[in-house]
Each structure stands twice: as structure tokens, then as C-alpha cells.
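What follows is a short report on a single structure.
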Amino acid sequence: MGKLFETPLYPYRRSSDQDAHAPVRHAVVVVGAGPVGLAVAVDLALQGVEVVVLDENDKVSWGSRAICFAKRPLEILDRLGCALPMVERGVKWNLGKVFFDDRQIYEFNLLAEKGHRHPAFINLQQYYFETDLVSRLRELQAEGKPIDLRGCSKVLSVEQDADKATIQVDTPEGPYTIEADWLIACDGAGSPVRKMLGLDFVGRIFEDNFLIADVVMEAEFPTERWFWFDPPFNRGQSALLHKQPDNVWRIDFQLGWDIDREEELKPENIDKRLRAMLGADISYQLEWSSIYTFQCRRMEKFHEGRVIFAGDAAHQVSPFGARGANSGIQDADNLAWKLKLIIDGKAPASLLETYDSERIYGADENILNSSRSTDFITPKSDMSRVFRDAVLELAEHYEGMRPMVNSGRLSVPCTYDGSPLNGADCDKMPARTRPGSPVVDLPVGNRFLLNLLGSEFYLLTIDAEAPAALDVEGVSVKRIALNTADEAEDYLQQRYLGDASSAVYLIRPDQHVVARWEHFAENDVRKALLKAIGR
Amino acid sequence: MGLLKTNANIAGPDEFYSELIAAHEGLTKAQSDALNARLILLLANHIGDRAVLSEALKAASIRHSS
């Protein structure tokens with residue numbers, strides 16, 4: 001059977017742009033058809049923005065790569081219309097085991113909070129994630145949405161002036177040139193576009209290598225996450241075992257910085273490690289292996305003129321906590337509605353400054369969290385190791401010490417505290433839905449709140465009066481009216497009302513809260529909305 | 001500041017001190033370091049209050065001028 005990631009999914013086809021006499025101008029060009037590039041392109045196309053995606057090859061990602069997708073990105077993908085196949089296929093797990101040295105020290109059950117449409121996260125190979133996004137893109141094309149995906153189209157050069165980017169694209173039939181009002185570079189950690197513009201990453205904090213092996217196990221193996229600190233088979237480092245769909249197991253061996261890549265990648269050496277870890281008599285097939293190198297760093301600014309960076313192209317973190325692809329999807333989510341308003345002339349171009357400030361805030365939070373995990377997993381000093389080992393030894397005997405064990409803090413959505421787009425708060429209401437927070441899902445009748453939200457501004461009213469729709473200088477706001485009396489559970493009170501008797505929430509197209517009040521007042525909403533679009 | 005108790009607060013200070021030292025008897029330096037670390041973590045967890053812990057960290061970081 002041919003592997004999914006070996007099959008061309010969007011083979012090269014000649015574009016009419018290649019036969020044009022002058023460079024064809026596009027509203028948006030996205031470079032890179034990875035999870036982030038596809039997500040932002042689908043989001044823009046859904047909103048009617050014309051977009052061309054360029055990818056240097058014609059296949060989904062090689063190997064499993066990103067395998068853990070958290071709830072917030074799944075909610076975003078649900079808004080884009082493609083979360084269901086991912087959640088159906090993805091592996092849901094609850095049981096985790098933690099090992100230290102030669103023994104298991106404890107196990108835990110992730111009891112996910114109730115009342116959400118999506119699980120806390122799923123394990124899914126990046127190639128499935130991308131395949132589902134490409135399928136969604138094809139659906140949109142069939143509906144006549146203005147989106148084009150061009151395989152084997154490698155960017156050779158990018159230049160920009162005040163009102164456009166000029167992109168030279170290489171193809172199997174030779175190069176051609178196109179122009180874009182906006183270029184979104186989602187071309188990965190090594191971002192060629194970033195290099196072409198002479199921009200670079202700052203703040204190298206930490207570096208490490210991981211040997212990644214995807215193996216198909218032929219025996220029964222439980223659906224659990226196993227994490228080893230300093231195991232006999234990988235002294236001084238860590239190891240992780242995680243299940244993916246199709247009986248594929250992801251095994252990560254941390255290698256440290258100074259390694260011999262070629263030696264580590266030899267199948268006989270991988271085999272030695274696997275048998276030391278899982279038992280001498282295991283039978284398995286090696287599906288894919290790779291050495292993954294990372295550094296914690298980010299660009300100083302996420303956009304430069306007409307060129308905007310998202311995902312790994314803009315920031316890179318350690319893999320602990322699954323914050324790479326997950327944060328990239330949130331970049332896309334944050335960017336698409338802002339760019340749409342700018343393109344429509346409803347928001348000033350300066351709104352893009354808040355893409356930088358909000359997503360840099362998110363990137364810094366991710367870098368901080370993943371650096372803390374890294375420092376716990378690989379202590380940087382003798383005393384740091386003494387404390388780390390003490391935490392692990394105590395955790396074996398005392399439950400109260402387990403929260404300090406840090407093998408990666410799962411990616412949770414960023415709350416944009418202090419964002420210039422945030423408006424009024426009401427201190428009677430719960431902190432988790434304060435301005436800047438993503439909307440917290442809850443069941444509404446036989447559906448979920450997030451499914452009632454599309455890609456526009458919404459006024460969520462709970463036991464409060466408000467007009468069914470508003471128009472604020474060309475930006476429409478739709479009302480979603482909920483009543484506590486209609487709901488069997490008290491999620492509305494827990495998640496939105498708190499001590500208030502009624503609530504009015506203004507929600508952005510990316511489902512983050514702008515402002516909230518106890519009662520509706522048109523002037524308050526108008527003011528908050530204009531602030532939220534940078535006017 | 002002022003949350004951390006720095007007045008005499010342990011009944012039987014001599015007994016506590018002896019017990020602390022006795023706990024380290026016969027241990028290597030590495031074992032003693034590990035014991036101290038476990039003790040700090042257990043006590044920190046018992047205190048719980050982040051402000052008190054920060055004050056204690058500051059109070060313990062006395063720099064002697066030579």
C-alpha cells in the first residue's frame with residue numbers, strides 16, 4: 001500500500017497566470033500548504049477573499065510530524081468546516097503514565113471538562129490533518145470560492161513596495177511572476193521568504209534534537225501516553241510513546257544537542273533503542289523516522305509591509321506541549337478576519353499591528369511554557385537536576401507533588417489580556433470569559449455554542465434584550481440569544497454569567513471576547529466594535 | 001512583604017535542629033542534597049501561598065559581603 005504522504009495530492013497544473021503578458025495581481029498569496037497555510041487560505045476563501053496557495057511540492061507532509069491537535073485548533077477547524085473527519089479519525093486518550101529511571105512512578109487520567117463539543121485534544125498525523133484541509137479547499141472550489149492551490153510551485157524571489165508584493169515562482173515548466181496585495185508566508189521554520197527579505201529569528205533560548213520513530217506495532221499495546229524521565233535506555237534524556245491512528249506509535253527519543261545524525265538514523269541503531277525501550281521480543285515495522293531539531297525563538301515582528309508571517313515561519317518552540325501547529329492555527333485564526341476587514345476597506349491597515357501584538361503575546365507564552373518544560377526535562381545545572389529528581393521521587397509517593405512534574409504543558413488557547421482591541425469588562429462575570437479570551441463552548445439545546453458562530457462579529461445575549469442585528473459603519477453584528485431557562489445544565493451561569501443576572505458579550509470573528517456588559521446599550525457596543533477593528 | 005514569619009515560631013528549636021541534622025547523618029553529599037531538595041519541596045507544598053514562598057526565597061538569598 002502506498003503511503004498517503006507519498007501520493008501527489010495537488011499535482012502541478014499549468015496556471016493561466018503563466019501565459020499572461022503582465023504579472024497577474026492577486027488579493028492574497030499564501031506560501032506553503034502546511035496546516036497553517038491551508039487553514040488561513042481556507043478561512044480567507046470562506047469569507048470571499050481571493051487567494052492563491054503556492055507549495056514547493058505536491059504532497060502532504062512527509063511523515064507524521066505534528067501529531068497532537070488541541071481543542072482550540074479543532075474549534076477553529078470546525079468553523080472552517082473540516083474538524084469532523086479529524087476528530088472521528090483522531091485517537092482520543094485519557095490515561096498517561098510517567099516513568100523515572102527504571103520504574104513507573106505514577107499514572108494519571110485526564111478528566112476532560114464536560115460540556116464541550118471537542119475533546120481536549122486528539123492525536124492525528126499531520127498528513128491526515130493536511131489531507132482534510134485540502135479536501136475542504138476542494139469543496140470550496142467546487143462551490144465557486146476564489147481559491148487556488150498550486151503544487152510544485154516554488155518561490156524564487158519576493159520583493160515588495162508600498163502596495164504589493166512581487167513573487168517569482170518556479171515550476172516544472174519554468175518560472176513566472178505574480179503580484180499580491182498581501183503575501184502570507186507559512187513556509188515553515190526555515191522560511192525561505194523570511195530569508196529572502198533578510199529578516200531573521202531572534203532570541204535563541206534552547207536547542208535540542210529528537211529522534212522520531214513511527215512504528216506499526218504488531219501486538220496489542222494500550223492507548224496511553226508514556227513519558228520517561230532519564231530512562232536506562234536513554235540516559236540523561238527523555239522519551240515519549242504516543243498512539244496515532246492506524247496502529248502507528250510515535251516514539252520520541254531526546255538526543256541532546258551534540259549528536260551524530262547519520263549514526264542515530266541507522267535502522268540498526270533505532271532498532272536497538274526500540275528494543276531496549278519496549279522489550280527485546282517486540283515485533284514492529286518502522287514506518288518513518290527523522291531527526292527533529294528545534295530552537296525556541298521568534299521573529300521580532302510578524303509582518304513587514306505587505307508580507308505577513310504565520311506558524312513556524314514566525315516562531316518556533318520545543319515540541320513539549322504540542323504548541324507548534326496548534327499555535328500556527330491560532331495565528332491563521334487571528335489573521336484572516338483582520339485581513340478581510342482591511343481588504344474590504346472597513347478597517348485601517350494598522351489593524352495588522354494587533355496581529356503582531358496578539359500573536360507575539362501568544363508566541364511568548366508558548367516559548368515560556370515550552371522552555372519551562374524543557375528545563376524540567378533536561379536540567380541545566382547540578383542543583384536543577386537535584387530538584388527535578390526530588391520532584392519525581394516525591395511524585396511517586398505523594399499525589400500533591402505531581403502537578404510540578406512537567407513533561408509538557410498542553411497547549412491551551414491564548415487570552416489576549418491587555419490587547420488594544422479589548423473593550424469593557426464586567427467584574428461580576430467569570431474570569432475565563434474575560435475580554436481577550438476565546439469563547440468557551442457549551443451545549444445549547446442539541447447543538448453547541450461554537451456552531452452558532454460563523455466568521456463575523458456576534459452579540460451573545462444571555463437573559464438580556466438586544467436588537468437581532470446591528471450595522472456599525474458597514475460591519476455587521478448578529479445576535480445570538482440564549483436564555484438560562486432553556487438549558488438543562490447551568491453551563492451559561494458557570495461560564496458566562498457568574499454573579500451577573502444577565503449578560504451581553506461582543507465576540508470577534510475569531511471567537512475571542514471583545515467586551516461584556518450586564519445589559520445592552522447600543523452606544524457601548526458601537527464603541528467596543530470600532531475599537532476591536534482598530535478604528 | 002511581611003507575610004513570611006521571621007519571628008521565633010518553632011516550639012522546641014533545639015529538638016527540631018537536632019532532628020534536621022540527624023536526618024542527614026551517614027548520607028553522602030549527593031544524598032544530603034537530594035534530601036534537602038525533597039524537604040524544601042514538601043514544605044513549599046505545605047505552605048502553598050505563592051507570596052510567602054517568594055518572600056522566603058528572597059529572605060534566604062542573603063549575600064554576604066566579603
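Identifiers for the C-alpha cells are assigned positionally: chains receive A, B, ... in sequence, residues are indexed from 1 per chain, and ligands are indexed from 1 in the order shown.
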
Interface residues on chain A facing chain B, 7 Å, only C-alpha atoms, written as a list in words: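 So the residues of chain A near chain B are Val386, Phe387, Ala390 and Leu394 of chain A.
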
So that I have them on file, write out the residues from the current selection with all heavy atoms, as a short mmCIF file (atom, residue, chain, number, x, y, z; two decimals), in the first residue's frame.
data_model
loop_
_atom_site.label_atom_id
_atom_site.label_comp_id
_atom_site.auth_asym_id
_atom_site.auth_seq_id
_atom_site.Cartn_x
_atom_site.Cartn_y
_atom_site.Cartn_z
N VAL A 386 19.03 18.09 40.84
CA VAL A 386 18.70 17.59 42.19
C VAL A 386 17.22 17.84 42.49
O VAL A 386 16.49 16.97 42.96
CB VAL A 386 19.60 18.26 43.25
CG1 VAL A 386 19.06 18.01 44.67
CG2 VAL A 386 21.04 17.75 43.14
N PHE A 387 16.75 19.05 42.19
CA PHE A 387 15.34 19.38 42.45
C PHE A 387 14.41 18.60 41.53
O PHE A 387 13.36 18.12 41.94
CB PHE A 387 15.10 20.88 42.30
CG PHE A 387 15.36 21.63 43.57
CD1 PHE A 387 16.50 22.41 43.72
CD2 PHE A 387 14.47 21.54 44.64
CE1 PHE A 387 16.76 23.08 44.90
CE2 PHE A 387 14.73 22.22 45.83
CZ PHE A 387 15.87 23.00 45.96
N ALA A 390 14.13 15.21 42.77
CA ALA A 390 13.37 15.21 44.03
C ALA A 390 11.87 15.29 43.75
O ALA A 390 11.08 14.60 44.38
CB ALA A 390 13.81 16.38 44.90
N LEU A 394 9.34 12.33 44.86
CA LEU A 394 8.19 12.63 45.73
C LEU A 394 6.87 12.31 45.03
O LEU A 394 5.93 11.83 45.65
CB LEU A 394 8.22 14.10 46.16
CG LEU A 394 9.32 14.50 47.15
CD1 LEU A 394 9.39 16.01 47.28
CD2 LEU A 394 9.09 13.86 48.53
#

May I have all residues of chain B that DSSP, computed from the backbone, assigns to alpha helix (DSSP H), given as a PDB file with C-alpha atoms, in the first residue's frame?
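Dumped to result-v5.pdb:
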ATOM      1  CA  PRO B  13      14.022  24.811  68.369  1.00  0.00           C
ATOM      2  CA  ASP B  14      16.865  22.630  69.684  1.00  0.00           C
ATOM      3  CA  GLU B  15      14.923  19.441  69.109  1.00  0.00           C
ATOM      4  CA  PHE B  16      13.985  20.463  65.571  1.00  0.00           C
ATOM      5  CA  TYR B  17      17.569  21.383  64.767  1.00  0.00           C
ATOM      6  CA  SER B  18      18.859  18.044  66.072  1.00  0.00           C
ATOM      7  CA  GLU B  19      16.233  16.189  64.071  1.00  0.00           C
ATOM      8  CA  LEU B  20      17.202  18.058  60.910  1.00  0.00           C
ATOM      9  CA  ILE B  21      20.902  17.301  61.352  1.00  0.00           C
ATOM     10  CA  ALA B  22      20.211  13.698  62.355  1.00  0.00           C
ATOM     11  CA  ALA B  23      18.262  13.170  59.148  1.00  0.00           C
ATOM     12  CA  LYS B  29      26.768  14.842  49.834  1.00  0.00           C
ATOM     13  CA  ALA B  30      24.549  13.806  46.920  1.00  0.00           C
ATOM     14  CA  GLN B  31      22.080  12.026  49.193  1.00  0.00           C
ATOM     15  CA  SER B  32      22.007  15.036  51.521  1.00  0.00           C
ATOM     16  CA  ASP B  33      21.381  17.397  48.626  1.00  0.00           C
ATOM     17  CA  ALA B  34      18.520  15.180  47.493  1.00  0.00           C
ATOM     18  CA  LEU B  35      17.057  15.045  50.987  1.00  0.00           C
ATOM     19  CA  ASN B  36      17.228  18.835  51.286  1.00  0.00           C
ATOM     20  CA  ALA B  37      15.515  19.230  47.944  1.00  0.00           C
ATOM     21  CA  ARG B  38      12.707  16.862  48.905  1.00  0.00           C
ATOM     22  CA  LEU B  39      12.296  18.631  52.222  1.00  0.00           C
ATOM     23  CA  ILE B  40      12.099  22.065  50.567  1.00  0.00           C
ATOM     24  CA  LEU B  41       9.517  20.805  48.073  1.00  0.00           C
ATOM     25  CA  LEU B  42       7.364  19.190  50.748  1.00  0.00           C
ATOM     26  CA  LEU B  43       7.475  22.281  52.949  1.00  0.00           C
ATOM     27  CA  ALA B  44       6.785  24.557  49.976  1.00  0.00           C
ATOM     28  CA  ASN B  45       3.776  22.459  49.049  1.00  0.00           C
ATOM     29  CA  HIS B  46       2.558  22.611  52.638  1.00  0.00           C
ATOM     30  CA  ILE B  47       2.841  26.425  52.697  1.00  0.00           C
ATOM     31  CA  ARG B  50       2.925  31.803  46.421  1.00  0.00           C
ATOM     32  CA  ALA B  51       3.571  35.189  48.031  1.00  0.00           C
ATOM     33  CA  VAL B  52       5.010  33.567  51.180  1.00  0.00           C
ATOM     34  CA  LEU B  53       7.188  31.295  49.055  1.00  0.00           C
ATOM     35  CA  SER B  54       8.547  34.237  47.069  1.00  0.00           C
ATOM     36  CA  GLU B  55       9.293  36.094  50.275  1.00  0.00           C
ATOM     37  CA  ALA B  56      11.047  33.049  51.700  1.00  0.00           C
ATOM     38  CA  LEU B  57      13.171  32.746  48.547  1.00  0.00           C
ATOM     39  CA  LYS B  58      14.167  36.393  48.873  1.00  0.00           C
ATOM     40  CA  ALA B  59      14.801  36.123  52.593  1.00  0.00           C
ATOM     41  CA  ALA B  60      17.014  33.068  52.078  1.00  0.00           C
TER      42      ALA B  60
END
